[in-house]
Amino acid sequence: MIKTNEKIEERAVEILSKITAFDKDKYDRKSLLEELLKFQEELRNILFNNEHADSADLRIWNVIDHLEKLNKDKGNIADDELKNVVKQCKCIGNMISILIAGVAGENKAYFSLQNISHYRKLLKNIELSYEDITSELDNIVVTKKGIFLIEVKNIRQDVLIDEDGNMYKKEKNDFVYDCNIWEKMNYKEQLLKIAVGKYLKDKKIHSILVFTNSNISVENKYRYIKHSFLGQLPHIIDEYEGNKIYTEVDVENIIESVKLNQSNKVYSPEVDIKRFKEDFAVLLATLEISEVRIPTSVEKPKFNILIAIRNILRRYGERSKNICRASEHLTEVL
């Protein structure tokens, strides 16, 4: 365990004063990513000088590497505490990666949808709620022919969707379960129908599962899910053969109705940020100030030649006895 002293405590307080991110308990999705990125920047600037951190484009994974090196240089004086902080750092890093990938995919789809030639209105990153169900809708397209719900997947692995709507991503040589994509998209359809309300004329939402990476393979065995790659998306909507059921006024009303029904739900980070700040500050202060631990040497057993010779003779004697017994038995048989 780390033994704190006055110098370590003073340094820990100083480190804490430099971390200003997450001054609230809960955030909406957009603000959560912004706060996570700010938090990451503050951590790296504490460990590295600001100029070096910016030029090297360091991330929280570099924070982990640096802490592990400091601990090793100090003779592993804080293994348990380091393990705890590293675990929380990885969780924060994964949250950042997932949110960034999601936003990147949604933006790619949104820009692709700008190429629709017909009259249309677009919405992106819309969060809707009804009772205990909350979900984020990546992109919504409203044309005179219908309402299109776009579910975006910004992934690099090959994908399999089975006959029951279960989606699997290929990891190495096996397909690993990700989610039931049909259930997920169905929830979003129902939420969108509720948000559109009285302006929904044909009681139908056209859902499309879109993959941003055209280099992956997608095998879709579920007949009720339509999927496409990003480049095909504008053409699918442009070439939809339905009748024109909405006027431009209807389209505007649908967009406004969805906006009015947006959820204001807020979220807490998966990590106890307050506790993490304290753990990080104490760990870093300890690694900076504590003296190097000199490992105690382990005394190797001394080689005793007499014991070694005795063991060899004993093994040789047992072997000789076995040979003699075998010879006597062979003589009796012959």
# chains A, B, ... in the order shown; residues from 1 in each chain; ligands from 1
>>> residues_around(residues="Val142 in chain A", least_positions_apart="6", cutoff="12 Å", atoms="only C-alpha atoms", output="ChimeraX atom specification")
/A:113,116,118-124,148-150,192,196,199-200,205-207,237-238,244-256,258
>>> residues_around(residues="range 20-33 of chain A", least_positions_apart="2", cutoff="7 Å", atoms="only C-alpha atoms", output="PyMOL selection string")
chain A and resi 18+35-39+96+99+265-268
>>> closest_atom_pairs(of="range 110-206 of chain A", to="range 216-235 of chain A", cutoff="7 Å", atoms="only C-alpha atoms", output="Markdown table")
| residue | atom | partner | partner_atom | distance |
| --- | --- | --- | --- | --- |
| A:Ser112 | CA | A:Pro234 | CA | 6.7 |
| A:Leu113 | CA | A:Pro234 | CA | 5.5 |
| A:Asn115 | CA | A:Pro234 | CA | 6.0 |
| A:Ile116 | CA | A:Pro234 | CA | 5.0 |
| A:Arg156 | CA | A:Ile216 | CA | 6.5 |
| A:Gln157 | CA | A:Ile216 | CA | 6.2 |
| A:Asp158 | CA | A:Ser217 | CA | 4.8 |
| A:Val159 | CA | A:Val218 | CA | 4.7 |
| A:Leu160 | CA | A:Glu219 | CA | 4.8 |
| A:Ile161 | CA | A:Asn220 | CA | 4.7 |
| A:Asp162 | CA | A:Lys221 | CA | 5.0 |
| A:Glu163 | CA | A:Tyr222 | CA | 4.6 |
| A:Asp164 | CA | A:Tyr222 | CA | 6.4 |
| A:Gly165 | CA | A:Tyr222 | CA | 5.6 |
| A:Trp182 | CA | A:Ile225 | CA | 7.0 |
>>> select_by_dssp(residues="range 198-238 of chain A", states="strand (DSSP E or B)", output="PyMOL selection string")
chain A and resi 206-211+218-220+226-229
>>> write_last_selection(atoms="all heavy atoms", output="mmCIF file, in the first residue's frame")
data_model
loop_
_atom_site.group_PDB
_atom_site.id
_atom_site.type_symbol
_atom_site.label_atom_id
_atom_site.label_comp_id
_atom_site.auth_asym_id
_atom_site.auth_seq_id
_atom_site.Cartn_x
_atom_site.Cartn_y
_atom_site.Cartn_z
ATOM 1 N N HIS A 206 -39.398 3.764 -42.827
ATOM 2 C CA HIS A 206 -38.494 2.953 -43.646
ATOM 3 C C HIS A 206 -37.107 2.949 -42.997
ATOM 4 O O HIS A 206 -36.399 3.958 -43.032
ATOM 5 C CB HIS A 206 -38.410 3.513 -45.070
ATOM 6 C CG HIS A 206 -39.746 3.711 -45.712
ATOM 7 N ND1 HIS A 206 -40.481 2.674 -46.234
ATOM 8 C CD2 HIS A 206 -40.486 4.842 -45.889
ATOM 9 C CE1 HIS A 206 -41.616 3.140 -46.726
ATOM 10 N NE2 HIS A 206 -41.645 4.450 -46.526
ATOM 11 N N SER A 207 -36.739 1.821 -42.407
ATOM 12 C CA SER A 207 -35.453 1.730 -41.711
ATOM 13 C C SER A 207 -34.387 1.131 -42.621
ATOM 14 O O SER A 207 -34.639 0.156 -43.332
ATOM 15 C CB SER A 207 -35.586 0.874 -40.450
ATOM 16 O OG SER A 207 -36.424 1.510 -39.512
ATOM 17 N N ILE A 208 -33.198 1.716 -42.561
ATOM 18 C CA ILE A 208 -32.067 1.227 -43.357
ATOM 19 C C ILE A 208 -30.842 1.126 -42.451
ATOM 20 O O ILE A 208 -30.485 2.091 -41.770
ATOM 21 C CB ILE A 208 -31.750 2.168 -44.542
ATOM 22 C CG1 ILE A 208 -32.999 2.413 -45.392
ATOM 23 C CG2 ILE A 208 -30.628 1.585 -45.394
ATOM 24 C CD1 ILE A 208 -32.805 3.461 -46.482
ATOM 25 N N LEU A 209 -30.225 -0.038 -42.454
ATOM 26 C CA LEU A 209 -28.990 -0.256 -41.707
ATOM 27 C C LEU A 209 -27.818 0.040 -42.640
ATOM 28 O O LEU A 209 -27.648 -0.619 -43.669
ATOM 29 C CB LEU A 209 -28.929 -1.704 -41.214
ATOM 30 C CG LEU A 209 -27.673 -2.140 -40.462
ATOM 31 C CD1 LEU A 209 -27.474 -1.315 -39.196
ATOM 32 C CD2 LEU A 209 -27.749 -3.625 -40.121
ATOM 33 N N VAL A 210 -27.011 1.032 -42.286
ATOM 34 C CA VAL A 210 -25.962 1.515 -43.186
ATOM 35 C C VAL A 210 -24.584 1.253 -42.586
ATOM 36 O O VAL A 210 -24.332 1.564 -41.418
ATOM 37 C CB VAL A 210 -26.131 3.028 -43.451
ATOM 38 C CG1 VAL A 210 -24.994 3.548 -44.327
ATOM 39 C CG2 VAL A 210 -27.467 3.297 -44.112
ATOM 40 N N PHE A 211 -23.699 0.702 -43.404
ATOM 41 C CA PHE A 211 -22.312 0.460 -42.999
ATOM 42 C C PHE A 211 -21.414 1.463 -43.722
ATOM 43 O O PHE A 211 -21.472 1.587 -44.948
ATOM 44 C CB PHE A 211 -21.903 -0.972 -43.335
ATOM 45 C CG PHE A 211 -22.684 -2.005 -42.571
ATOM 46 C CD1 PHE A 211 -23.846 -2.553 -43.104
ATOM 47 C CD2 PHE A 211 -22.281 -2.408 -41.307
ATOM 48 C CE1 PHE A 211 -24.580 -3.496 -42.398
ATOM 49 C CE2 PHE A 211 -23.011 -3.346 -40.589
ATOM 50 C CZ PHE A 211 -24.164 -3.890 -41.137
ATOM 51 N N VAL A 218 -20.795 -8.062 -45.549
ATOM 52 C CA VAL A 218 -22.024 -8.104 -44.756
ATOM 53 C C VAL A 218 -22.936 -9.183 -45.327
ATOM 54 O O VAL A 218 -23.369 -9.103 -46.475
ATOM 55 C CB VAL A 218 -22.753 -6.745 -44.765
ATOM 56 C CG1 VAL A 218 -24.057 -6.844 -43.965
ATOM 57 C CG2 VAL A 218 -21.864 -5.648 -44.202
ATOM 58 N N GLU A 219 -23.205 -10.197 -44.512
ATOM 59 C CA GLU A 219 -24.142 -11.252 -44.905
ATOM 60 C C GLU A 219 -25.413 -11.080 -44.082
ATOM 61 O O GLU A 219 -25.411 -11.271 -42.867
ATOM 62 C CB GLU A 219 -23.541 -12.634 -44.658
ATOM 63 C CG GLU A 219 -24.441 -13.769 -45.141
ATOM 64 C CD GLU A 219 -23.825 -15.142 -44.942
ATOM 65 O OE1 GLU A 219 -22.706 -15.214 -44.391
ATOM 66 O OE2 GLU A 219 -24.468 -16.141 -45.330
ATOM 67 N N ASN A 220 -26.485 -10.699 -44.752
ATOM 68 C CA ASN A 220 -27.746 -10.400 -44.078
ATOM 69 C C ASN A 220 -28.789 -11.464 -44.420
ATOM 70 O O ASN A 220 -29.281 -11.526 -45.542
ATOM 71 C CB ASN A 220 -28.244 -9.014 -44.502
ATOM 72 C CG ASN A 220 -29.528 -8.611 -43.793
ATOM 73 O OD1 ASN A 220 -30.003 -9.308 -42.896
ATOM 74 N ND2 ASN A 220 -30.088 -7.483 -44.185
ATOM 75 N N LYS A 226 -33.283 -3.973 -44.161
ATOM 76 C CA LYS A 226 -32.635 -3.548 -45.395
ATOM 77 C C LYS A 226 -31.300 -2.912 -45.024
ATOM 78 O O LYS A 226 -31.239 -2.059 -44.142
ATOM 79 C CB LYS A 226 -33.501 -2.530 -46.139
ATOM 80 C CG LYS A 226 -32.926 -2.093 -47.484
ATOM 81 C CD LYS A 226 -33.872 -1.150 -48.195
ATOM 82 C CE LYS A 226 -33.332 -0.781 -49.581
ATOM 83 N NZ LYS A 226 -33.208 -1.942 -50.482
ATOM 84 N N HIS A 227 -30.235 -3.341 -45.679
ATOM 85 C CA HIS A 227 -28.928 -2.774 -45.374
ATOM 86 C C HIS A 227 -28.275 -2.250 -46.653
ATOM 87 O O HIS A 227 -28.631 -2.653 -47.765
ATOM 88 C CB HIS A 227 -28.018 -3.813 -44.706
ATOM 89 C CG HIS A 227 -27.376 -4.765 -45.661
ATOM 90 N ND1 HIS A 227 -28.019 -5.893 -46.140
ATOM 91 C CD2 HIS A 227 -26.145 -4.744 -46.252
ATOM 92 C CE1 HIS A 227 -27.221 -6.536 -46.963
ATOM 93 N NE2 HIS A 227 -26.073 -5.868 -47.055
ATOM 94 N N SER A 228 -27.331 -1.354 -46.468
ATOM 95 C CA SER A 228 -26.585 -0.823 -47.609
ATOM 96 C C SER A 228 -25.257 -0.271 -47.114
ATOM 97 O O SER A 228 -25.039 -0.123 -45.910
ATOM 98 C CB SER A 228 -27.375 0.289 -48.315
ATOM 99 O OG SER A 228 -27.271 1.511 -47.598
ATOM 100 N N PHE A 229 -24.388 0.036 -48.065
ATOM 101 C CA PHE A 229 -23.168 0.755 -47.735
ATOM 102 C C PHE A 229 -23.414 2.246 -47.980
ATOM 103 O O PHE A 229 -24.375 2.636 -48.639
ATOM 104 C CB PHE A 229 -21.998 0.240 -48.564
ATOM 105 C CG PHE A 229 -21.563 -1.143 -48.174
ATOM 106 C CD1 PHE A 229 -21.868 -2.238 -48.974
ATOM 107 C CD2 PHE A 229 -20.871 -1.350 -46.995
ATOM 108 C CE1 PHE A 229 -21.480 -3.511 -48.605
ATOM 109 C CE2 PHE A 229 -20.477 -2.624 -46.613
ATOM 110 C CZ PHE A 229 -20.783 -3.710 -47.418
#
>>> closest_atom_pairs(of="range 44-92 of chain A", to="range 272-293 of chain A", cutoff="8 Å", atoms="only C-alpha atoms", output="CSV")
residue,atom,partner,partner_atom,distance
A:Leu67,CA,A:Leu284,CA,7.5
A:Leu70,CA,A:Leu287,CA,6.3
A:Asn71,CA,A:Leu287,CA,6.2
A:Asp73,CA,A:Val292,CA,7.4
A:Lys74,CA,A:Val292,CA,4.3
A:Gly75,CA,A:Arg293,CA,4.8
A:Asn76,CA,A:Arg293,CA,7.4
A:Ile77,CA,A:Arg293,CA,6.4
A:Ala78,CA,A:Leu283,CA,7.4
A:Glu81,CA,A:Leu283,CA,6.7
A:Leu82,CA,A:Leu283,CA,7.0
A:Val85,CA,A:Phe280,CA,6.3
A:Gln88,CA,A:Phe276,CA,7.1
>>> closest_residue(among="A:Ile236, A:Val141, A:Ile181, A:Ala195", to="Met167 in chain A", atoms="only C-alpha atoms")
A:Ile181
>>> closest_residue(among="A:Asn84, A:Asn261, A:Gln190, A:Asn45", to="Ile133 in chain A", atoms="only C-alpha atoms")
A:Gln190
>>> residues_around(residues="Ala101 in chain A", least_positions_apart="3", cutoff="12 Å", atoms="only C-alpha atoms", output="PDB file with C-alpha atoms, in the first residue's frame")
ATOM      1  CA  LEU A  33     -17.854  13.365 -25.114  1.00  0.00           C
ATOM      2  CA  ASN A  94     -13.000   2.971 -24.394  1.00  0.00           C
ATOM      3  CA  MET A  95     -15.825   5.434 -23.757  1.00  0.00           C
ATOM      4  CA  ILE A  96     -14.016   8.068 -25.809  1.00  0.00           C
ATOM      5  CA  SER A  97     -13.313   5.628 -28.660  1.00  0.00           C
ATOM      6  CA  ILE A  98     -16.915   4.412 -28.831  1.00  0.00           C
ATOM      7  CA  ALA A 104     -17.852   9.919 -37.004  1.00  0.00           C
ATOM      8  CA  GLY A 105     -20.209   7.361 -38.539  1.00  0.00           C
ATOM      9  CA  GLU A 106     -23.259   9.570 -38.059  1.00  0.00           C
ATOM     10  CA  ASN A 107     -21.473  12.527 -39.646  1.00  0.00           C
ATOM     11  CA  LYS A 108     -20.395  10.440 -42.636  1.00  0.00           C
ATOM     12  CA  VAL A 152     -25.264   3.740 -38.863  1.00  0.00           C
ATOM     13  CA  LYS A 153     -22.537   1.187 -38.137  1.00  0.00           C
ATOM     14  CA  ASN A 154     -18.995   2.523 -38.348  1.00  0.00           C
ATOM     15  CA  ILE A 155     -17.128  -0.766 -37.884  1.00  0.00           C
ATOM     16  CA  ARG A 156     -14.181  -2.551 -39.477  1.00  0.00           C
ATOM     17  CA  THR A 212     -19.757   3.213 -43.536  1.00  0.00           C
TER      18      THR A 212
END
>>> residues_around(residues="Ser129 in chain A", least_positions_apart="2", cutoff="8 Å", atoms="only C-alpha atoms", output="PyMOL selection string")
chain A and resi 127+131-135+191+262-263
>>> closest_residue(among="A:Asp178, A:Val271, A:Ile194, A:Gly146", to="Asn243 in chain A", atoms="only C-alpha atoms")
A:Gly146
>>> select_by_dssp(residues="range 151-226 of chain A", states="alpha helix (DSSP H)", output="ChimeraX atom specification")
/A:181-196
>>> atom_distance(atom1="CA of Ala109 in chain A", atom2="CA of Ile140 in chain A")
10.3 Å
